[in-house]
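Notes to accompany the following structure.
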Amino acid sequence: MSEPSSNPEIAPPGLNWNRCFAGILTGLSLWVLSADLLHEAHILLQTSSSGLFLALFIWLWISVAVFYDGFPKRYVLGATVLATLRMSFGWPLIYGMDLRTSCLLLDVMLVALALTYLIPALRHPEPRPPAGFSLRHFVIMSSAGAVLMLGSLPVNYFGLVEIIADLSGGYVALSTRGIDLQERVFAKDGRQVHLVGMAHIGDQGFYQTLNRHLAAPGEGKRLVLVEGVTDSEQLLPESFATGEIYASLAARLGLVDQAVGFSAKPRTAGNRQAVDSWVVDGVDFHRADIDIRELSPEHRKRLIALLTSLETLNLANLFKLPDDMTAREFEDLLVKGLLQQRNDRLMEVFAVTEPEYTEIYIPWGAAHLPDLERRFKALGYRPVSGSHRRVLDFGNLFRRS
């Protein structure tokens, strides 16, 4: 009978853990990279489950590596750092490049690390003497794991803050205290346009502050161009058409629905209608949005499918789009159907009403405002001031819950 080899490069019998984990890491890293490369729409609309499986694997790997000292620490910790940055919207690379490029760069770095780990693992899968539990290794890895876990929280936070600011053009600001929406004022020939970030639900004080601002004495007439898609043919799911879905969510969170909080007179109006009492103060309201039937048939079909799926939101819906909708079709619906077309209508109404007013307020969802800002600047309007209002205070939210 032959004697076991004393060559340290020959692995002991049993399961080759490094080969196994290196192979899985390589496969998942390549899956994430290929999914991101093939994704044609905005990277935030990536619905591939590859990132979820990679995150679960990294969590399992570092948990095992705390007790098993056979895994090279540089690969375990390196993969954990790269995966964390990738899931944090490419932070901090996003400061110097766009989101897609930063995410793809981190994908490539993760694949390179996985291959660097896999190649030697195929040659020398296990160290000699056989690996196992080591108190020194346990202390080092458990400490490093705790640091990485705690460190991932601010990394995720900073990545989220940056991507929200980037997508909203700065009209939405996330902080540890809450969410602020910005109002920016633009002026031309003695006339002012106020682009006001709005939300479907928020703290009551947010809407009260805006109402008081509108009711404050001014030098001329004010116009509010109101957002709000109508549904004359009753095509939308009932909960969205009636606003019930926003009202119920606001009630559960102790917040206020925009339909209730905004444009409600900040003082008692007696028996008069609220809109009539605004007219006394020289403030007119004018709807400047589209009706659902004005969307193209394809956009209308996709919107109905999307809203119907949101009524029964579950885990499966987070990783797929309804009605076999592609990511590119979804992005087309959002950008061309729900943003650009509605902004087109608003600008048409603005062009007609502009000469009659000295101040025009446009309190619309923050996603609309970067495009509207570009349009007003093209018309010769220049920024003159700005301010923030807190739409959601996390401290108040937690106290109510």
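Residues in the structure tokens are named by chain (A, B, ... in the order shown) and by number from 1 within that chain; ligands are numbered from 1 in the order shown.
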
**Report entry** Contact residues around A:Glu354 with only C-alpha atoms at 10 Å, ignoring same-chain residues under 5 positions, as a ChimeraX atom specification
**Finding:** /A:191-193,223,347,349,359-360

Requested in this report: Mind checking which residues fall within 10 Å of A:Pro92, counting only C-alpha atoms, ignoring those fewer than 6 positions away in the same chain, and posting them as number ranges by chain?
Outcome: A: 85-86, 102, 155, 158-159, 162

Could you write those residues out with C-alpha atoms, as a PDB file, in the first residue's frame?
ATOM      1  CA  LEU A  85     -19.956  48.501  -2.775  1.00  0.00           C
ATOM      2  CA  ARG A  86     -21.765  47.034  -5.783  1.00  0.00           C
ATOM      3  CA  SER A 102     -19.316  52.421 -11.523  1.00  0.00           C
ATOM      4  CA  VAL A 155     -21.832  52.712   2.821  1.00  0.00           C
ATOM      5  CA  PHE A 158     -24.163  57.209   1.374  1.00  0.00           C
ATOM      6  CA  GLY A 159     -24.848  55.292  -1.825  1.00  0.00           C
ATOM      7  CA  GLU A 162     -26.109  60.040  -3.732  1.00  0.00           C
TER       8      GLU A 162
END

Requested in this report: Can you pull out every residue within 12 Å of A:Ser34, counting only C-alpha atoms, but drop anything in the same chain fewer than 2 positions away, and send it as a list of chain:residue names?
Outcome: A:Gly27, A:Leu28, A:Ser29, A:Leu30, A:Trp31, A:Val32, A:Asp36, A:Leu37, A:Leu38, A:His39, A:Glu40, A:Gln46, A:Ser48, A:Ser50, A:Gly51, A:Cys103, A:Leu104, A:Asp107, A:Val108, A:Val111

Query raised in the report: Which residues, written as a list in words, have at least one atom at most 7 Å from stretch 292-307 of chain A, with only C-alpha atoms counted and residues fewer than 4 positions away on the same chain left out?
Result: Val229, Thr230, Asp231, Leu236, Pro237, Glu311, Pro322, Asp323, Leu333 and Gly337 of chain A

Query raised in the report: Looking at only C-alpha atoms, which of A:Leu113, A:Ala378, A:Ile43, A:Leu369 is the one that sits closest to A:Gly170?
Result: A:Leu369

Query - Which of stretch 111-218 of chain A fall in alpha helix (DSSP H), as a PyMOL selection string - result: chain A and resi 111-123+135-167+204-215

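From atom CA of A:Gly365 back to atom CA of A:Gly178, the distance works out to 17.4 Å.
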
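The space separating atom CA of A:Ala367 from atom CA of A:Leu339 comes to 7.6 Å.
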
Query - DSSP strand (DSSP E) residues within stretch 83-311 of chain A, listed as a ChimeraX atom specification - result: /A:172-174,178-188,191-198,201-202,222-226,256-257,283-287

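Considering only C-alpha atoms, the residue among A:Gln258, A:Thr84, A:Thr353, A:Thr116 positioned nearest to A:Asp203 is A:Gln258.
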
**Report entry** Which of A:Ser63, A:Leu255, A:Gly282, A:Phe394 sits closest to A:Ala146 [using only C-alpha atoms]
**Finding:** A:Ser63

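Within the 8 Å cut-off around A:Tyr246, using only C-alpha atoms and omitting residues fewer than 6 positions from it on the same chain, the listed residues are His200, Ile201, Phe240 and Asp257 of chain A.
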
Query raised in the report: Between atom CA of A:Phe398 and atom CA of A:Ser88, what is the spacing in Å?
Result: 24.4 Å

Query raised in the report: Which residues come within 10 Å of A:Val256, counting only C-alpha atoms, excluding same-chain residues fewer than 4 positions away, as a ChimeraX atom specification?
Result: /A:200-207,246-252,260-262
